[in-house]
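Source file: entry31.cif. Holds: mmCIF, C-alpha atoms and all ligand atoms.
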```
data_work
#
loop_
_atom_site.label_atom_id
_atom_site.label_comp_id
_atom_site.auth_asym_id
_atom_site.auth_seq_id
_atom_site.Cartn_x
_atom_site.Cartn_y
_atom_site.Cartn_z
CA MET A 30 72.51 100.72 89.86
CA ALA A 31 75.34 99.46 87.69
CA ASN A 32 76.60 95.99 86.82
CA ILE A 33 80.04 95.98 88.43
CA GLY A 34 82.72 93.35 87.83
CA LEU A 35 85.76 92.80 90.03
CA TYR A 36 88.84 90.88 88.98
CA ILE A 37 89.78 88.91 92.11
CA GLU A 38 93.52 88.46 91.97
CA LEU A 39 95.14 85.38 93.49
CA LYS A 40 98.80 85.01 94.31
CA ASP A 41 100.01 81.41 94.25
CA GLY A 42 96.39 80.39 94.60
CA ALA A 43 95.78 82.59 97.66
CA PHE A 44 93.38 85.54 97.93
CA LYS A 45 95.26 88.88 97.79
CA LYS A 46 94.58 91.29 100.62
CA SER A 47 93.85 94.23 98.26
CA ASN A 48 90.82 92.39 96.85
CA ARG A 49 89.06 93.42 100.07
CA GLU A 50 89.44 97.06 99.03
CA LEU A 51 87.79 96.35 95.68
CA LEU A 52 84.95 94.54 97.46
CA SER A 53 84.46 97.45 99.89
CA LEU A 54 84.41 99.98 97.03
CA ALA A 55 81.88 97.99 95.02
CA ALA A 56 79.68 97.33 98.07
CA LYS A 57 78.79 101.04 98.23
CA GLY A 58 75.86 102.24 96.11
CA GLY A 59 73.76 99.08 95.93
CA HIS A 60 75.36 97.82 92.72
CA ASN A 61 74.97 94.39 91.21
CA VAL A 62 78.46 93.06 91.96
CA HIS A 63 80.17 90.18 90.14
CA ALA A 64 83.49 88.84 91.42
CA VAL A 65 85.53 87.00 88.78
CA VAL A 66 88.09 84.50 90.00
CA PHE A 67 90.29 82.14 87.98
CA CYS A 68 90.40 78.90 89.95
CA GLN A 69 89.53 75.22 89.79
CA GLU A 70 87.61 75.44 93.05
CA ALA A 71 85.87 78.66 94.16
CA GLN A 72 84.62 77.33 97.51
CA PRO A 73 87.71 78.44 99.54
CA PHE A 74 87.05 82.05 98.45
CA MET A 75 83.30 82.17 99.04
CA GLU A 76 83.64 83.45 102.62
CA GLU A 77 85.83 86.38 101.47
CA LEU A 78 83.39 87.07 98.62
CA ARG A 79 80.32 86.97 100.83
CA GLY A 80 78.31 90.10 100.03
CA VAL A 81 78.74 90.12 96.23
CA GLY A 82 75.78 89.06 94.10
CA THR A 83 77.56 86.60 91.82
CA VAL A 84 80.88 84.81 91.86
CA ILE A 85 82.03 83.91 88.36
CA GLN A 86 84.54 81.11 88.50
CA VAL A 87 86.70 80.83 85.38
CA LYS A 88 87.89 77.26 85.01
CA GLY A 89 90.40 75.74 82.63
CA ALA A 90 92.95 72.97 82.29
CA ASP A 91 95.79 75.44 82.79
CA LEU A 92 95.07 78.51 84.90
CA SER A 93 98.65 79.76 85.15
CA TYR A 94 98.68 83.49 84.45
CA GLN A 95 99.04 84.22 80.76
CA PRO A 96 97.97 87.81 80.03
CA ASP A 97 96.39 87.25 76.61
CA ARG A 98 94.49 84.18 77.76
CA TYR A 99 93.23 85.95 80.89
CA ALA A 100 92.29 89.08 78.91
CA ARG A 101 90.37 87.00 76.36
CA ALA A 102 88.48 85.17 79.12
CA LEU A 103 87.70 88.38 81.04
CA ALA A 104 86.55 90.18 77.88
CA ALA A 105 84.13 87.31 77.26
CA VAL A 106 82.85 87.53 80.86
CA ILE A 107 82.36 91.30 80.57
CA LEU A 108 80.24 90.82 77.44
CA GLU A 109 78.29 87.79 78.65
CA PHE A 110 77.40 89.29 82.04
CA LYS A 111 76.92 92.80 80.60
CA LEU A 112 79.31 94.38 83.08
CA ASP A 113 79.32 98.19 82.80
CA VAL A 114 82.32 98.78 85.03
CA PHE A 115 85.18 96.39 85.70
CA CYS A 116 87.84 96.95 88.39
CA GLY A 117 91.07 95.30 89.48
CA ILE A 118 94.04 95.95 91.71
CA CYS A 119 96.79 98.17 90.31
CA SER A 120 99.33 95.39 90.85
CA ALA A 121 101.94 94.17 88.36
CA GLN A 122 99.30 91.78 87.05
CA GLY A 123 96.59 94.44 86.92
CA LYS A 124 98.86 96.79 84.99
CA ASP A 125 99.65 94.00 82.55
CA LEU A 126 96.10 92.76 82.13
CA PHE A 127 93.81 95.78 82.07
CA PRO A 128 95.29 97.57 79.02
CA ARG A 129 94.84 94.31 77.07
CA LEU A 130 91.29 94.13 78.34
CA ALA A 131 90.69 97.72 77.24
CA ALA A 132 91.97 96.87 73.76
CA ARG A 133 89.72 93.81 73.54
CA THR A 134 86.53 95.43 74.86
CA GLY A 135 86.98 98.98 73.56
CA ALA A 136 86.37 100.24 77.12
CA GLY A 137 88.03 103.34 78.55
CA LEU A 138 90.67 102.55 81.19
CA VAL A 139 91.99 104.57 84.10
CA ASN A 140 94.95 102.92 85.83
CA ASP A 141 96.33 103.52 89.33
CA CYS A 142 93.23 105.24 90.75
CA LEU A 143 93.21 106.71 94.23
CA ALA A 144 89.43 107.14 94.24
CA VAL A 145 86.67 105.87 91.96
CA ASP A 146 83.03 106.86 91.59
CA LEU A 147 81.62 103.70 90.01
CA GLU A 148 78.17 105.19 89.38
CA ASN A 149 79.47 108.12 87.34
CA ARG A 150 82.62 106.39 86.00
CA ARG A 151 84.93 109.00 87.40
CA ALA A 152 88.32 108.43 88.94
CA VAL A 153 91.14 110.42 90.50
CA LYS A 154 94.71 109.39 89.76
CA PRO A 155 98.17 110.88 90.24
CA VAL A 156 99.95 112.25 87.16
CA TYR A 157 103.43 113.69 86.50
CA SER A 158 105.06 111.44 89.12
CA GLY A 159 102.42 112.33 91.67
CA LYS A 160 102.88 116.11 91.41
CA LEU A 161 99.23 116.53 90.40
CA LEU A 162 96.00 114.65 90.86
CA ALA A 163 93.82 114.45 87.75
CA GLU A 164 90.15 113.59 87.57
CA TYR A 165 89.10 111.35 84.67
CA GLN A 166 85.64 110.77 83.26
CA VAL A 167 85.24 107.61 81.20
CA ASP A 168 82.88 107.98 78.25
CA GLY A 169 81.28 105.11 76.35
CA ASP A 170 79.26 102.24 77.69
CA LYS A 171 82.05 100.42 79.54
CA ALA A 172 84.74 101.54 81.96
CA LEU A 173 87.80 99.84 83.42
CA PHE A 174 89.67 100.94 86.54
CA THR A 175 92.68 99.63 88.43
CA ILE A 176 92.96 100.82 92.01
CA ARG A 177 96.16 101.45 93.93
CA PRO A 178 96.47 99.17 96.99
CA ASN A 179 96.00 100.64 100.47
CA VAL A 180 93.80 103.60 99.41
CA ILE A 181 90.30 102.30 100.13
CA ALA A 182 89.13 101.66 103.69
CA VAL A 183 88.09 98.04 104.10
CA GLU A 184 84.64 97.63 105.58
CA ALA A 185 82.67 94.51 106.42
CA ALA A 186 80.08 93.71 103.74
CA ALA A 187 76.61 94.92 104.68
CA ASN A 188 75.00 92.18 102.62
CA SER A 189 75.98 88.91 104.23
CA GLY A 190 74.06 86.75 101.77
CA ALA A 191 75.85 83.94 99.98
CA PRO A 192 76.69 84.77 96.32
CA VAL A 193 75.35 82.84 93.37
CA LEU A 194 78.16 80.77 91.87
CA LYS A 195 78.47 80.60 88.08
CA THR A 196 81.17 78.77 86.18
CA VAL A 197 82.56 79.65 82.78
CA ALA A 198 85.15 77.68 80.85
CA MET A 199 88.34 79.36 79.73
CA ASP A 200 88.86 79.31 75.97
CA SER A 201 91.93 77.15 75.52
CA GLY A 202 92.31 78.08 71.83
CA ASP A 203 95.76 78.92 70.53
CA LEU A 204 97.01 82.44 71.20
CA GLY A 205 100.25 82.12 69.26
CA THR A 206 102.27 82.42 72.47
CA HIS A 207 102.80 80.22 75.49
CA ILE A 208 104.66 80.45 78.78
CA VAL A 209 107.96 78.60 78.66
CA GLU A 210 109.12 79.21 82.22
CA VAL A 211 108.10 81.27 85.23
CA MET A 212 111.08 82.52 87.23
CA ARG A 213 110.40 83.67 90.74
CA SER A 214 112.63 86.09 92.57
CA GLY A 215 111.23 84.70 95.82
CA SER A 216 112.95 87.27 98.00
CA GLN A 217 109.79 88.91 99.36
CA LYS A 218 107.64 87.43 102.08
CA ILE A 219 105.27 90.40 101.94
CA ASP A 220 104.15 92.02 98.69
CA LEU A 221 105.58 95.56 98.88
CA THR A 222 102.65 97.13 97.06
CA GLU A 223 100.24 95.75 99.68
CA ALA A 224 102.48 96.13 102.74
CA GLU A 225 101.21 98.29 105.61
CA ILE A 226 104.78 98.84 106.87
CA ILE A 227 107.97 98.95 104.81
CA VAL A 228 111.56 99.06 106.01
CA SER A 229 113.76 100.25 103.18
CA GLY A 230 117.52 100.52 102.78
CA GLY A 231 119.79 102.57 100.55
CA ARG A 232 123.37 102.65 99.35
CA ALA A 233 124.47 103.24 102.94
CA MET A 234 123.70 99.59 103.76
CA LYS A 235 127.08 98.86 102.11
CA SER A 236 126.43 95.13 101.52
CA LYS A 237 123.83 92.44 100.91
CA GLU A 238 124.68 90.93 104.31
CA ASN A 239 123.90 94.20 106.08
CA PHE A 240 120.35 94.06 104.70
CA THR A 241 119.79 91.26 107.25
CA LEU A 242 119.74 94.04 109.84
CA LEU A 243 116.73 95.59 108.06
CA ALA A 244 115.15 92.17 107.49
CA GLU A 245 115.24 91.58 111.25
CA LEU A 246 113.52 94.89 111.93
CA ALA A 247 111.01 94.11 109.17
CA ASP A 248 110.28 90.71 110.77
CA VAL A 249 109.50 92.31 114.12
CA LEU A 250 107.15 94.81 112.44
CA ASN A 251 105.68 92.28 110.00
CA ALA A 252 106.88 94.69 107.31
CA GLY A 253 107.96 94.41 103.69
CA LEU A 254 111.58 95.02 102.78
CA GLY A 255 112.34 97.74 100.23
CA ALA A 256 115.43 99.33 98.72
CA SER A 257 116.61 102.32 96.74
CA ARG A 258 117.85 101.83 93.21
CA ALA A 259 121.41 102.53 94.37
CA ALA A 260 121.15 99.55 96.74
CA VAL A 261 119.71 97.36 93.97
CA ASP A 262 122.31 98.47 91.41
CA ALA A 263 125.07 97.71 93.92
CA GLY A 264 123.70 94.18 94.33
CA PHE A 265 122.71 94.65 98.00
CA ALA A 266 119.02 94.06 97.24
CA THR A 267 116.99 92.35 94.50
CA SER A 268 115.15 94.33 91.85
CA ASP A 269 111.69 93.33 93.19
CA MET A 270 112.59 95.36 96.29
CA GLN A 271 113.19 98.62 94.40
CA VAL A 272 110.89 101.47 95.31
CA GLY A 273 110.60 104.49 93.05
CA GLN A 274 110.06 105.79 89.57
CA THR A 275 111.54 102.72 87.92
CA GLY A 276 110.60 100.40 90.77
CA LYS A 277 107.41 99.88 92.74
CA VAL A 278 104.96 102.51 93.86
CA VAL A 279 104.11 101.74 97.47
CA ASN A 280 101.52 103.19 99.79
CA PRO A 281 102.11 101.87 103.33
CA LYS A 282 100.97 103.33 106.65
CA LEU A 283 104.61 103.53 107.74
CA TYR A 284 107.77 103.80 105.59
CA ILE A 285 111.14 103.63 107.38
CA ALA A 286 113.93 104.85 105.07
CA CYS A 287 117.38 103.80 106.29
CA GLY A 288 120.40 105.45 104.66
CA ILE A 289 118.37 106.77 101.73
CA SER A 290 119.10 110.33 100.57
CA GLY A 291 115.58 111.07 99.29
CA ALA A 292 116.20 111.56 95.56
CA ILE A 293 113.04 112.52 93.67
CA GLN A 294 113.07 109.22 91.75
CA HIS A 295 112.86 107.34 95.06
CA PHE A 296 110.42 109.75 96.64
CA VAL A 297 107.80 109.41 93.88
CA GLY A 298 107.54 105.72 94.73
CA MET A 299 106.76 106.21 98.43
CA LYS A 300 105.48 109.76 98.82
CA THR A 301 101.91 108.69 99.58
CA SER A 302 103.07 106.72 102.66
CA LYS A 303 101.00 107.93 105.61
CA VAL A 304 104.04 108.34 107.90
CA ILE A 305 107.65 108.53 106.72
CA VAL A 306 110.53 107.96 109.14
CA ALA A 307 114.06 108.70 107.91
CA ILE A 308 117.33 107.57 109.45
CA ASN A 309 120.30 109.35 107.94
CA LYS A 310 123.58 110.55 109.37
CA ASP A 311 123.57 113.67 107.19
CA PRO A 312 121.26 116.32 108.71
CA GLU A 313 121.10 118.03 105.29
CA ALA A 314 119.83 114.92 103.47
CA SER A 315 116.75 115.85 101.43
CA ILE A 316 114.76 112.92 102.85
CA PHE A 317 114.38 114.96 106.05
CA LYS A 318 112.38 117.61 104.14
CA LYS A 319 109.88 114.90 103.26
CA ALA A 320 109.88 112.81 106.43
CA ASP A 321 107.39 113.12 109.28
CA TYR A 322 110.03 111.94 111.75
CA GLY A 323 113.79 112.03 111.32
CA ILE A 324 116.68 110.44 113.21
CA VAL A 325 120.07 111.99 112.46
CA ASP A 326 122.46 109.19 113.29
CA ASP A 327 124.28 106.14 112.01
CA LEU A 328 121.70 103.59 110.89
CA PHE A 329 123.93 100.74 112.08
CA ALA A 330 123.50 102.07 115.61
CA VAL A 331 119.81 103.06 115.32
CA VAL A 332 118.25 100.07 113.52
CA PRO A 333 119.23 97.45 116.18
CA LEU A 334 117.89 99.77 118.90
CA LEU A 335 114.62 100.21 117.03
CA LYS A 336 114.35 96.47 116.52
CA ASP A 337 114.86 95.76 120.25
CA GLU A 338 112.45 98.49 121.29
CA PHE A 339 109.70 97.36 118.88
CA LYS A 340 110.25 93.76 119.97
CA ARG A 341 109.84 94.77 123.60
CA THR A 342 106.78 96.99 122.94
CA LEU A 343 105.02 94.68 120.51
CA GLY A 344 105.83 91.59 122.55
C1 LIG A 401 115.68 107.73 85.26
C2 LIG A 401 116.02 107.42 86.69
C3 LIG A 401 115.20 106.58 87.39
C4 LIG A 401 115.49 106.27 88.73
N1 LIG A 401 114.64 105.45 89.42
C5 LIG A 401 114.88 105.24 90.74
C6 LIG A 401 114.00 104.44 91.51
O1 LIG A 401 113.01 103.88 91.01
N2 LIG A 401 114.25 104.29 92.82
C7 LIG A 401 115.33 104.87 93.43
O2 LIG A 401 115.52 104.68 94.64
N3 LIG A 401 116.20 105.61 92.72
C8 LIG A 401 116.00 105.79 91.39
N4 LIG A 401 116.91 106.52 90.68
C9 LIG A 401 118.17 106.88 91.31
C10 LIG A 401 118.08 108.10 92.21
O3 LIG A 401 118.28 109.26 91.43
C11 LIG A 401 119.15 108.04 93.33
O4 LIG A 401 120.42 107.92 92.73
C12 LIG A 401 118.98 106.91 94.31
O5 LIG A 401 117.66 106.90 94.79
C13 LIG A 401 119.95 107.11 95.48
O6 LIG A 401 119.85 106.01 96.34
P1 LIG A 401 120.29 106.17 97.84
O7 LIG A 401 119.49 107.23 98.49
O8 LIG A 401 120.28 104.81 98.42
O9 LIG A 401 121.84 106.57 97.73
P2 LIG A 401 122.54 107.96 98.02
O10 LIG A 401 121.92 109.07 97.27
O11 LIG A 401 123.99 107.69 97.83
O12 LIG A 401 122.25 108.22 99.55
C14 LIG A 401 122.77 107.46 100.59
C15 LIG A 401 122.40 108.19 101.90
O13 LIG A 401 122.82 107.41 102.98
C16 LIG A 401 123.31 108.28 104.00
N5 LIG A 401 124.22 107.48 104.83
C17 LIG A 401 125.45 107.02 104.50
N6 LIG A 401 125.92 106.24 105.51
C18 LIG A 401 124.97 106.22 106.48
C19 LIG A 401 124.86 105.58 107.74
N7 LIG A 401 125.82 104.77 108.21
N8 LIG A 401 123.75 105.80 108.51
C20 LIG A 401 122.75 106.62 108.06
N9 LIG A 401 122.80 107.24 106.85
C21 LIG A 401 123.88 107.02 106.06
C22 LIG A 401 123.97 109.41 103.26
O14 LIG A 401 123.99 110.58 104.07
C23 LIG A 401 123.04 109.56 102.05
O15 LIG A 401 122.01 110.51 102.29
C24 LIG A 401 116.64 106.83 89.35
C25 LIG A 401 117.46 107.69 88.62
C26 LIG A 401 117.16 107.98 87.31
C27 LIG A 401 118.06 108.90 86.55
#
```

As structure tokens, what does this structure read like?
Amino acid sequence: MANIGLYIELKDGAFKKSNRELLSLAAKGGHNVHAVVFCQEAQPFMEELRGVGTVIQVKGADLSYQPDRYARALAAVILEFKLDVFCGICSAQGKDLFPRLAARTGAGLVNDCLAVDLENRRAVKPVYSGKLLAEYQVDGDKALFTIRPNVIAVEAAANSGAPVLKTVAMDSGDLGTHIVEVMRSGSQKIDLTEAEIIVSGGRAMKSKENFTLLAELADVLNAGLGASRAAVDAGFATSDMQVGQTGKVVNPKLYIACGISGAIQHFVGMKTSKVIVAINKDPEASIFKKADYGIVDDLFAVVPLLKDEFKRTLG
């Protein structure tokens, strides 16, 4: 039985859906699980965290995300609570935070894991743009893992007991840096990396206004809205929507690619989607070699039909 720590990520103060995957992973194997959450009031999260042994609430005058401050606080928690293994979501924040945490604690880190064996500190992760899967073994007395969203089946906690709540104070000592301003792109209603369905558009969308067509379909499906780099570079979509090698890596159940050719740099960002649907008017487009379902037609004719049909079927 290991002492497992989980970094519970909040977005604008709300519990992120992918935390449930971390909780489900840690619940297996009878480990002593500690959930660490940075908040002034942990009570709203206690229901979600039911099943863990201890909730560690990190409190401070200013809890706005500052990577060095968070890493310093988490490193202290790892030492104080003698956590052997510490996991987080492979989100933008996780990717920013965990390497700093590794540097501070001297622990081995495996980022972007698709599977983790907490007991034996082993993890499987994609390498070379997802062409291979590599298995990593972390040596030493501490291990850190970040886990890709949408890879672990969420299960209800077997232990329904209420966790013990402990509070630690965040060290507010000077770090030599401070946040001047946080700029939000604000274009996404649904976090692409956590989305179960994504509707994505490419250069063929021709304009920013035409992306409304995809946004309407996305609304009906409760989907996130993605884009190729060509669409972003052309100013049709914002950079937080970019999927691919230099954008986001997504892992939805359904990815609908509209007017996207299927370049390798796009594909590596969405290849683990469970089902890929491509709409492209060129039957030779390489996306069709990768898609599970293909529609050879003009997207401006197909997308409105799909939207109406899904609306009718889904009520
Ligand atoms: C280092 C590097 C990193 C990169 N990183 C990324 C990345 O992260 N993400 C990314 O996406 N790209 C990335 N790229 C760019 C990538 O190589 C492609 O250029 C880009 O993905 C192409 O975008 P696209 O498919 O929208 O455009 P295109 O390749 O121009 O394809 C448009 C497609 O739309 C189809 N089409 C046109 N009109 C219609 C219509 N009316 N109805 C239906 N279909 C239509 C066409 O047949 C065509 O297949 C990167 C490139 C490099 C060099």

(message) Rounded to one decimal, what separation in Å do you get between CA of Tyr165 in chain A and CA of Asn61 in chain A?
(response) 23.0 Å

(message) Could you list, as a ChimeraX atom specification, all residues that come within 7 Å of ligand LIG 401 (chain A)? Count all atoms listed in the file.
(response) /A:230-233,256-260,271-276,287-295,298,308-311,314,326-329

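By all atoms listed in the file, and with residues fewer than 2 positions from range 88-95 of chain A along its chain excluded, the set lying at most 8 Å from it is A:Phe67, A:Cys68, A:Gln69, A:Gln86, A:Asp97, A:Arg98, A:Tyr99, A:Thr196, A:Val197, A:Ala198, A:Met199, A:Asp200, A:Ser201, A:His207, A:Ile208.
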
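All protein and nucleic acid residues in the vicinity of (93.5, 99.6, 89.4), that is within 6 Å when counting all atoms listed in the file, are Gly117, Ile118, Cys119, Asn140, Asp141, Cys142, Phe174, Thr175, Ile176 and Arg177 of chain A.
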
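Coordinates place CA of Phe110 in chain A at a distance of 18.2 Å from CA of Ala71 in chain A.
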
(message) Can you tell me which residues surround Asp269 in chain A at a distance of at most 12 Å, considering all atoms listed in the file, apart from same-chain residues fewer than 5 positions away, and format the answer as a VMD selection string?
(response) chain A and resid 121 213 to 222 253 to 258 260 to 262 275 to 278

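Each of A:Leu173, A:Ile316, A:Ala187, A:Val249 was checked against Lys57 in chain A using all atoms listed in the file; the smallest atom-to-atom distance is that of A:Ala187.
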
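With distances taken over all atoms listed in the file, A:Glu70 is the one residue among A:Glu38, A:Glu70, A:Asp248, A:Glu338 lying closest to Lys195 in chain A.
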
(message) Using only C-alpha atoms for the distances, tell me which of A:Ser229, A:Ser47, A:Gln166, A:Ser53 is nearest to Ala186 in chain A.
(response) A:Ser53

(message) I want to know what sits within 12 Å of Leu194 in chain A, based on only C-alpha atoms, with residues of the same chain fewer than 2 positions away left out; could you give that as a PyMOL selection string?
(response) chain A and resi 63-66+70-72+74-75+78-79+81-87+191-192+196-197

(message) Please compute the CA of Arg101 in chain A-CA of Asn179 in chain A distance, one decimal, in Å.
(response) 28.3 Å

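Residues surrounding Leu143 in chain A within 9 Å are Ala152, Val153, Lys154, Pro155, Ile176, Arg177, Pro178, Val180 and Ile181 of chain A [all atoms listed in the file; sequence separation below 5 positions excluded].
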